[in-house]
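Visitor: One structure is given below, represented as structure tokens, and several questions about it will come after.
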Amino acid sequence: MASATSNTVDAEPGGADVHLPDTARDLVKILITGPFGVGKTTLIRSVSEIRPLHTEERLSEASARVDDLAGVRDKSTTTVAIDFGRISLPGGIVLYLFGTPGQERFRALWDDIAYGALGALVLVDARRIDASFDVLGLVEESGLPYAVAFNTFPDAPRHHTPEQLRAALDLEPTTPMVTCDARETNSSADALLALVQHLIDHHPPEPR
């Protein structure tokens with residue numbers, strides 16, 4: 001998947017407004033998380049209605065010794081702080097999307113990035129399911145409701161059933177599990193909608 005190069009938040013070249021729409025009613029912070037190289041930056045870039053903020057740096061020889069590149073040999077950059085984007089959904093819901101680094105060495109950032117979030121979308125690569133265990137552990141320890149989205153890489157195995165995938169990740173029956181193509185706007189938005197519906201159904205907001 002291509003890597004973004006912009007490090008600024010601004011209007012898209014097509015003229016999208018950086019200001020909140022007049023219909024905005026509920027502003028929600030959502031984490032986009034998952035292991036190294038799973039497509040978090042790509043998903044945020046595909047759905048954001050503003051030019052997303054990326055804090056990407058090129059992988060160095062030093063990082064290659066600590067980052068597991070198995071299955072992502074073509075990856076040349078990595079997020080070192082956060083990705084950030086915004087998407088407006090029907091009903092006046094506006095999601096602020098915060099992408100987290102996927103490597104263990106950035107774990108110290110987790111609490112700061114997760115503060116104030118209402119939920120998380122965990123991206124998983126079916127080619128290396130075990131790479132997701134640490135991130136899922138962090139999400140569960142934080143108590144954040146979450147949904148799981150399998151990013152459909154072209155060479156991902158197709159023979160696993162949904163039941164096998166759910167069992168492999170030890171997911172609760174109520175945890176949403178979907179597939180998405182992080183490069184596609186509609187597909188990524190559908191994954192986010194699955195998370196939002198989960199938050200509405202199982203974690204309703206407290207009365208104001």
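In the structure tokens, each chain is lettered A, B, ... as it comes, each chain's residues begin at 1, and ligands are numbered from 1 in order of appearance.
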List the neighbours of region 108-122 of chain A out to 6 Å using only C-alpha atoms; skip same-chain residues closer than 2 positions along the sequence, and give me the result as a PyMOL selection string.
Guide: chain A and resi 29-34+106+144-148
Visitor: Could you pull the residues within 9 Å of region 39-44 of chain A, counting only C-alpha atoms, minus those fewer than 3 positions along the same chain, as a PyMOL selection string?
Guide: chain A and resi 1-4+32-36+47-48+52+54+79+83-86+97-102+122-125+151+181-185+188-189
Visitor: Give me the residues near Pro21 (chain A) as a list in words, where near means some atom within 9 Å (using only C-alpha atoms) and where sequence neighbours in that chain fewer than 2 positions away do not count.
Guide: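 Neighbouring residues, sequence-local ones excluded: Asp17, Val18, His19, Thr23, Ala24, Ser88, Gly92 and Val94 of chain A.
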Visitor: As a PyMOL selection string, please: the residues near Ala191 (chain A) (cut-off 7 Å, only C-alpha atoms, same-chain neighbours under 3 positions excluded).
Guide: chain A and resi 149+178+180+187-188+194-195
Visitor: Could the residues in this selection be saved with N, CA, C and O atoms as an mmCIF file, in the first residue's frame?
Guide:
```cif
data_model
loop_
_atom_site.group_PDB
_atom_site.id
_atom_site.type_symbol
_atom_site.label_atom_id
_atom_site.label_comp_id
_atom_site.auth_asym_id
_atom_site.auth_seq_id
_atom_site.Cartn_x
_atom_site.Cartn_y
_atom_site.Cartn_z
ATOM 1 N N ALA A 149 -11.379 -5.359 12.010
ATOM 2 C CA ALA A 149 -11.528 -5.325 10.555
ATOM 3 C C ALA A 149 -10.320 -6.010 9.916
ATOM 4 O O ALA A 149 -9.178 -5.602 10.139
ATOM 5 N N VAL A 178 -15.386 -7.592 10.700
ATOM 6 C CA VAL A 178 -15.714 -7.325 9.305
ATOM 7 C C VAL A 178 -14.442 -7.424 8.477
ATOM 8 O O VAL A 178 -13.333 -7.549 9.005
ATOM 9 N N CYS A 180 -12.393 -5.364 5.211
ATOM 10 C CA CYS A 180 -12.388 -4.093 4.507
ATOM 11 C C CYS A 180 -11.143 -3.999 3.633
ATOM 12 O O CYS A 180 -10.176 -4.737 3.830
ATOM 13 N N SER A 187 -15.354 1.129 1.672
ATOM 14 C CA SER A 187 -15.061 -0.055 2.464
ATOM 15 C C SER A 187 -14.555 0.328 3.852
ATOM 16 O O SER A 187 -14.979 -0.240 4.867
ATOM 17 N N SER A 188 -13.677 1.312 3.909
ATOM 18 C CA SER A 188 -13.158 1.770 5.200
ATOM 19 C C SER A 188 -14.260 2.415 6.032
ATOM 20 O O SER A 188 -14.336 2.211 7.255
ATOM 21 N N ALA A 194 -19.493 -0.020 11.402
ATOM 22 C CA ALA A 194 -19.699 -1.209 12.233
ATOM 23 C C ALA A 194 -19.291 -0.936 13.671
ATOM 24 O O ALA A 194 -19.963 -1.358 14.616
ATOM 25 N N LEU A 195 -18.184 -0.212 13.844
ATOM 26 C CA LEU A 195 -17.749 0.150 15.193
ATOM 27 C C LEU A 195 -18.743 1.107 15.844
ATOM 28 O O LEU A 195 -19.133 0.916 17.012
#
```
Visitor: Pick out the closest residue to Val28 (chain A) from this set: A:Asp170, A:Ile93, A:Leu193, A:Glu163. Count only C-alpha atoms.
Guide: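 Residue with the minimum atom-to-atom distance to Val28 (chain A): A:Ile93.
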Visitor: Work out how far CA of Leu27 (chain A) is from CA of Leu95 (chain A), in Å to one decimal.
Guide: 6.1 Å
Visitor: For a test of reading the model, state the distance in Å between CA of Ile87 (chain A) and CA of Ile50 (chain A), rounded to one decimal.
Guide: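 Rounded to one decimal, the two atoms are 8.0 Å apart.
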Visitor: Provide the CA of Val196 (chain A) to CA of Ala167 (chain A) distance in Å, to one decimal place.
Guide: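 Taking CA of Val196 (chain A) as the start and CA of Ala167 (chain A) as the end point, the length is 23.0 Å.
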Visitor: For the alpha helix (DSSP H) assignment from backbone DSSP, which residues of region 20-194 of chain A qualify? Please present them as a ChimeraX atom specification.
Guide: /A:40-47,61-64,110-114,133-142,162-169,185-194
